[in-house]
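Beneath this line is the structure, given in structure tokens, with notes to follow.
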Protein chains: 4
Amino acid sequence: MKQTRKSATSERRGQERVVDEKWRTALTSIEPNKILLRGYPLDEIMGRLTFGETIYLLLIGECPSPGIGRMAEAMLASLIDHGATPPSTLAARNTATTGAPLRACVAAGVLGFGRYHGGDIESCMAFLDAGLELVRRGTSYHDAAAEIVDRWNETGDALPGFGHRFHTRDPRAARLFQMALELEVEGTHIQMIRAVEMLLHARHQPDTPPLPINIDGAIAAVCSDLGMPPTVANALFIISRVPGIAAHAQEERDRQRPMRQIDPKDHIYDGPSERRLPERRK
Amino acid sequence: MKQTRKSATSERRGQERVVDEKWRTALTSIEPNKILLRGYPLDEIMGRLTFGETIYLLLIGECPSPGIGRMAEAMLASLIDHGATPPSTLAARNTATTGAPLRACVAAGVLGFGRYHGGDIESCMAFLDAGLELVRRGTSYHDAAAEIVDRWNETGDALPGFGHRFHTRDPRAARLFQMALELEVEGTHIQMIRAVEMLLHARHQPDTPPLPINIDGAIAAVCSDLGMPPTVANALFIISRVPGIAAHAQEERDRQRPMRQIDPKDHIYDGPSERRLPERRK
Amino acid sequence: MKQTRKSATSERRGQERVVDEKWRTALTSIEPNKILLRGYPLDEIMGRLTFGETIYLLLIGECPSPGIGRMAEAMLASLIDHGATPPSTLAARNTATTGAPLRACVAAGVLGFGRYHGGDIESCMAFLDAGLELVRRGTSYHDAAAEIVDRWNETGDALPGFGHRFHTRDPRAARLFQMALELEVEGTHIQMIRAVEMLLHARHQPDTPPLPINIDGAIAAVCSDLGMPPTVANALFIISRVPGIAAHAQEERDRQRPMRQIDPKDHIYDGPSERRLPERRK
Amino acid sequence: MKQTRKSATSERRGQERVVDEKWRTALTSIEPNKILLRGYPLDEIMGRLTFGETIYLLLIGECPSPGIGRMAEAMLASLIDHGATPPSTLAARNTATTGAPLRACVAAGVLGFGRYHGGDIESCMAFLDAGLELVRRGTSYHDAAAEIVDRWNETGDALPGFGHRFHTRDPRAARLFQMALELEVEGTHIQMIRAVEMLLHARHQPDTPPLPINIDGAIAAVCSDLGMPPTVANALFIISRVPGIAAHAQEERDRQRPMRQIDPKDHIYDGPSERRLPERRK
């Protein structure tokens with residue numbers, strides 16, 4: 001069990017360090033010729049669980065139900081990349097241009113995921129929980145929404161889960177809510193964030209920009225309704241964005257000369273035009 | 001286009017840096033309310049492609065066929081974790097015990113993937129390609145195997161793709177080959193690595209340890225037969241292992257006190273006992 | 001100028017990003033054949049300022065006086081290494097054993113400097129400032145010490161700047177205070193931390209371990225009395241410890257085989273026995 | 001002692017890992033109340049050795065002579081920063097703009113030091129050694145220079161230690177050589193690099209840019225003449241540049257709003273104008 005820092009203090013009081021009894025891990029068992037991931041043989045998982053389902057199993061400890069599995073895949077897909085302009089992607093490209101290996105570029109990019117960048121998910125989960133605490137005590141969703149919004153606005157911080165630099169309607173958030181409805185996994189957190197959305201819409205001044213629910217907010221609400229703890233939700237962003245960071249680092253290496261000055265404003269997209277998924281995927 | 005380092009030298013000759021014309025990216029297009037991943041709307045991908053298929057799409061540029069998609073999911077699942085003892089996992093746990101945030105722990109772990117750890121995949125792809133070059137010129141698979149093995153042994157390096165610290169029969173490699181057979185995606189690289197395996201078996205001295213194909217070798221052969229370039233195969237290890245690194249970092253945070261001395265030999269597994277996947281998964 | 005996060009929110013309201021006017025840096029000017037570090041030509045600095053004085057110049061903006069320069073050198077030397085057991089050093093060694101290049105090992109180690117490890121300096125500066133605020137309003141040093149200690153103990157966190165895992169009298173802290181006395185740079189923060197030390201000594205229960213001032217506390221007090229802001233003090237730990245991390249990573253590479261299991265408890269020191277500096281150094 | 005990878009292979013042959021006898025470190029001894037750095041008490045070092053001399057002691061194992069100490073300080077000062085445009089500095093600034101803590105910004109920056117960026121020092125040391133091998137066998141410095149230059153040019157790589165993006169006469173290299181002359185530490189490597197410089201000057205075509213010795217080349221030559229091994233020279237760049245990276249990360253945090261798009265071309269220097277060091281420093 002985790003001890004408070006005061007216990008760490010006792011270590012700092014000059015005592016000889018007590019030899020640890022064996023420490024424990026519940027994730028993966030390794031024996032000769034047998035690898036168990038949360039108890040399931042890894043070679044049995046291969047070909048039967050998708051990578052997304054395997055990630056869920058590893059982080060949560062159990063296989064997801066089909067509906068939860070589809071939501072998890074969608075959340076992971078939604079965050080996989082957001083173009084060349086996020087500072088974390090630029091950190092990775094700047095590392096790639098020095099000739100550093102892929103792992104260094106990925107590490108540099110990962111270090112930029114934080115407070116202002118992917119870090120909204122945990123804040124938003126706490127924000128919605130605060131609202132639901134009021135609801136549990138008898139407040140209406142509408143009034144609870146008003147209270148937590150006002151409380152948050154006093155801090156001066158941006159509302160977690162709302163607004164976006166580019167999008168007035170975040171297509172990823174809309175899709176995630178649609179799936180939650182279809183898969184019947186909507187719960188009180190989604191209801192809460194919808195109440196906040198309606199409140200902000202009602203309060204909206206014509207001359208100010210809209211504050212749509214963004215993908216961080218949608219993921220926060222969905223993860224909470226699926227019973228996924230904030231630490232796991234936090235990990236989703238990193239796990240999802242690493243392929244995007246890796247793809248950008250490799251594209252930098254493949255298409256550009258080394259040691260170039262990377263200006264984030266001076267790029268254009270020259271990939272495929274908009275296209276539809278093949279019929280069998282729909 | 002990428003220029004040689006000599007071109008970088010011309011930049012080092014004191015010339016004023018020529019202003020770049022716009023640089024290009026073909027990965028993701030970002031416009032207000034529309035995100036295209038290799039041309040496909042991300043909200044269309046969500047719920048229709050799995051995370052594994054989305055990773056393939058981003059790295060390769062096209063959606064995978066169902067067979068290739070299943071192989072990709074299996075390869076990603078196979079590398080997701082290998083317990084608490086790999087040095088990269090220990091680097092992540094040591095970072096976690098200092099109270100560092102998850103992204104720092106993941107970055108520290110990622111930095112340990114390299115030459116001796118996950119780096120075998122590219123070497124093995126080159127190794128197999130060298131053998132197939134001989135086969136293309138008329139050598140038998142058996143003789144080509146002997147030649148590349150002898151050539152490699154002169155370097156003093158371990159044969160890439162063979163042998164393992166713990167496993168005499170890597171269950172992940174066996175499963176991957178079984179799937180390749182069932183999905184009919186076996187090709188010349190798998191044939192080549194099988195030839196090397198047979199050769200090593202024939203040459204095996206009773207008192208020396210066996211040299212089975214390990215998961216890096218299996219992935220190298222499969223990726224080559226699926227037409228995936230070495231850079232993408234290289235990224236697979238990082239993308240796959242990040243969830244494992246994250247899970248270990250969070251378990252360290254949740255279960256252990258801060259600033260502890262982590263002895264890799266002093267741990268035991270206390271997770272679920274071996275169990276079978278639910279029927280519907282098989 | 002830095003804007004609050006609320007301004008970051010306006011960026012998130014879907015507005016087109018305003019093109020930045022030129023941004024500014026006051027650190028280093030680069031022109032052909034001329035490099036100015038805070039205005040001083042770098043080739044003039046070389047051979048006339050030490051590395052420690054150059055670090056001070058870069059971080060603070062002005063050359064240090066001789067006394068302040070000597071204190072800065074001493075603080076930087078004091079933190080340079082603390083053996084093989086700190087988790088950050090182990091993270092670096094674990095990265096080195098995978099064959100990763102030195103920069104990756106250093107990066108991995110740096111990521112472990114945080115809340116519980118080198119992060120005490122800023123907390124302690126705030127802690128002492130709180131005490132001095134009381135003193136400014138008329139409280140005695142003794143009573144102010146008691147108040148801030150009691151206040152901090154309510155949080156359950158260890159007192160920042162006090163106690164140590166190994167040392168009952170941190171030799172580095174004692175030496176730093178001795179130098180501050182000799183160089184006549186002692187000020188109110190050193191007075192404050194001495195008051196806390198005396199209070200803890202008076203309150204000490206025979207069966208509990210002592211709580212000496214540790215090097216983080218000494219550095220916090222000295223930096224504050226030298227007028228160095230917390231951000232600079234925070235950087236000192238990183239700047240100082242990087243050579244130590246690098247030395248350990250290289251020793252791991254030079255003396256050990258790759259991919260070994262590093263047990264922090266299983267090492268012994270085989271370097272030089274205790275020896276005195278040559279006479280001319282004293 | 002370090003074993004070849006083939007030995008690592010024996011570990012990969014399925015054998016139980018032999019329990020290591022105690023492993024050894026010769027850097028720092030930690031006992032209660034006593035810290036020895038290469039045998040010298042750290043509290044004795046503080047105030048008597050500079051930070052630069054302490055770095056040398058830790059990396060090399062002995063205190064530097066006064067002349068070597070001054071050269072080491074100068075080399076460390078020379079690399080401390082090179083403005084806001086190096087990709088590593090931009091990686092650090094991009095990480096800082098996300099709100100990441102200083103250690104993450106420094107780690108991201110450090111990951112960009114590599115092949116094309118600070119990595120020239122080791123290559124240049126090998127380059128000069130190849131020339132001196134010819135000289136030892138009777139070739140003149142002039143002819144040896146021609147031979148190693150021609151040999152290197154066949155590879156297509158830029159000559160290590162020569163040329164610069166901005167400078168036609170690297171002021172840091174000139175100063176380092178001047179100091180080496182004054183301190184009488186010039187040796188065969190400096191003689192060798194001068195021979196190469198003269199050869200390039202003689203061969204120079206009027207319409208091509210000049211190839212002056214750059215700071216990496218000067219440091220390579222000086223380190224070799226001072227008997228410092230390539231691994232130590234390699235570490236110097238990282239150790240020196242970390243303060244610069246830290247200063248840029250903090251300036252980004254202090255002066256700019258979060259999550260901004262950093263365009264490396266759009267900045268100007270607004271620090272102090274050129275000024276001379278105070279008289280007592282000269």
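In the structure tokens, the first chain shown is A, the next is B, and so on; residue numbers restart at 1 for each chain, and ligands run from 1 in the order shown.
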
- Find the spatial neighbours of stretch 211-227 of chain D, counting only C-alpha atoms, within a cut-off of 8 Å - ignore same-chain residues fewer than 3 positions away - and output them as a PyMOL selection string. (chain B and resi 13) or (chain D and resi 68+75+78+118+120-122+124-125+128+160-164+168-170+172-173+176-177+180+185-190+193+197+200-201+230+233)

- Query: Which residues of chain D are close to chain A, meaning at most 12 Å apart when you count only C-alpha atoms, and how do they look as a ChimeraX atom specification?
  - Reply: /D:12-16,31-33,84-119,165,257-267

- Message: From a backbone DSSP assignment, name each residue in stretch 31-267 of chain A labelled helix (DSSP H, G or I), as a ChimeraX atom specification.
- Response: /A:42-45,51-60,66-78,87-96,102-110,120-136,141-155,171-182,188-203,215-225,230-255

- Query: Contacts of C:Leu59 at 10 Å or less, counting only C-alpha atoms, minus same-chain residues fewer than 2 places along, as a ChimeraX atom specification?
  - Reply: /C:27,38,53-57,61-63,228-229,231-233,235-236 /D:243-244,246-248,250-251

- D:Leu42 environment, 8 Å, only C-alpha atoms, sequence neighbours closer than 2 positions dropped, as a ChimeraX atom specification: /C:77-78,171-172 /D:35-37,40,44-46

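By only C-alpha atoms, and with residues fewer than 2 positions from A:Tyr269 along its chain excluded, the set lying at most 9 Å from it is His267, Gly271 and Pro272 of chain A; Trp23, Arg24, Thr25, Ala26, Leu27, Thr28, Ser29 and Ile30 of chain B.
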
Save the residues we just selected, all heavy atoms, as a compact mmCIF listing (two decimals), in the first residue's frame?
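The resulting file, again.txt, is shown below:
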# COMPACT_ATOMS: atom_id res chain seq x y z
N HIS A 267 3.35 24.99 -43.26
CA HIS A 267 3.19 23.67 -43.86
C HIS A 267 1.81 23.54 -44.48
O HIS A 267 0.88 24.25 -44.13
CB HIS A 267 3.41 22.57 -42.83
CG HIS A 267 2.28 22.40 -41.86
ND1 HIS A 267 2.06 23.25 -40.82
CD2 HIS A 267 1.29 21.47 -41.79
CE1 HIS A 267 1.01 22.85 -40.13
NE2 HIS A 267 0.51 21.78 -40.69
N GLY A 271 -1.64 15.05 -48.35
CA GLY A 271 -2.07 13.66 -48.31
C GLY A 271 -3.34 13.46 -49.12
O GLY A 271 -3.75 14.34 -49.88
N PRO A 272 -3.98 12.32 -48.95
CA PRO A 272 -5.17 12.02 -49.75
C PRO A 272 -6.30 13.02 -49.47
O PRO A 272 -6.44 13.53 -48.35
CB PRO A 272 -5.58 10.62 -49.27
CG PRO A 272 -4.37 10.05 -48.61
CD PRO A 272 -3.63 11.22 -48.04
N TRP B 23 6.55 23.37 -46.25
CA TRP B 23 6.83 21.96 -46.11
C TRP B 23 5.53 21.19 -46.03
O TRP B 23 4.47 21.76 -45.75
CB TRP B 23 7.75 21.69 -44.91
CG TRP B 23 7.28 22.16 -43.57
CD1 TRP B 23 7.40 23.41 -43.06
CD2 TRP B 23 6.65 21.37 -42.56
NE1 TRP B 23 6.88 23.46 -41.79
CE2 TRP B 23 6.42 22.22 -41.45
CE3 TRP B 23 6.25 20.04 -42.46
CZ2 TRP B 23 5.82 21.77 -40.28
CZ3 TRP B 23 5.66 19.60 -41.29
CH2 TRP B 23 5.44 20.46 -40.22
N ARG B 24 5.58 19.88 -46.27
CA ARG B 24 4.37 19.12 -46.45
C ARG B 24 4.23 17.94 -45.50
O ARG B 24 5.20 17.32 -45.11
CB ARG B 24 4.32 18.58 -47.90
CG ARG B 24 4.14 19.67 -48.91
CD ARG B 24 5.08 19.52 -50.12
NE ARG B 24 5.12 20.76 -50.86
CZ ARG B 24 4.12 21.19 -51.64
NH1 ARG B 24 3.05 20.46 -51.81
NH2 ARG B 24 4.21 22.37 -52.26
N THR B 25 2.99 17.68 -45.17
CA THR B 25 2.69 16.50 -44.38
C THR B 25 1.49 15.81 -45.01
O THR B 25 0.54 16.46 -45.44
CB THR B 25 2.41 16.85 -42.91
OG1 THR B 25 2.00 15.64 -42.24
CG2 THR B 25 1.33 17.90 -42.76
N ALA B 26 1.56 14.48 -45.07
CA ALA B 26 0.50 13.71 -45.73
C ALA B 26 -0.30 12.90 -44.72
O ALA B 26 -1.09 12.03 -45.10
CB ALA B 26 1.11 12.78 -46.76
N LEU B 27 -0.13 13.16 -43.43
CA LEU B 27 -0.74 12.30 -42.41
C LEU B 27 -2.17 12.71 -42.07
O LEU B 27 -3.11 11.97 -42.31
CB LEU B 27 0.12 12.31 -41.14
CG LEU B 27 1.57 11.86 -41.33
CD1 LEU B 27 2.37 12.11 -40.07
CD2 LEU B 27 1.62 10.40 -41.73
N THR B 28 -2.31 13.91 -41.52
CA THR B 28 -3.59 14.31 -40.95
C THR B 28 -3.91 15.73 -41.39
O THR B 28 -3.07 16.62 -41.28
CB THR B 28 -3.51 14.27 -39.40
OG1 THR B 28 -3.09 12.96 -39.02
CG2 THR B 28 -4.86 14.57 -38.77
N SER B 29 -5.13 15.91 -41.87
CA SER B 29 -5.57 17.25 -42.26
C SER B 29 -6.49 17.80 -41.18
O SER B 29 -7.43 17.13 -40.75
CB SER B 29 -6.31 17.17 -43.60
OG SER B 29 -7.17 18.29 -43.75
N ILE B 30 -6.19 19.01 -40.72
CA ILE B 30 -7.00 19.62 -39.66
C ILE B 30 -7.65 20.88 -40.23
O ILE B 30 -6.94 21.80 -40.65
CB ILE B 30 -6.14 20.03 -38.45
CG1 ILE B 30 -5.31 18.86 -37.94
CG2 ILE B 30 -7.00 20.62 -37.34
CD1 ILE B 30 -6.10 17.80 -37.22

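Distance-wise, atom CA of A:Asp150 and atom CA of A:Asn234 end up 25.3 Å apart.
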
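Within stretch 34-201 of chain A, the backbone-based DSSP assignment of strand (DSSP E or B) covers A:Lys34, A:Ile35, A:Leu36, A:Leu37, A:Tyr40, A:Pro41, A:Met46, A:Leu49, A:Gly114, A:His117, A:Gly118, A:Phe162, A:His164.
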
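Atom CA of C:Ala158 sits 20.8 Å away from atom CA of C:Tyr141.
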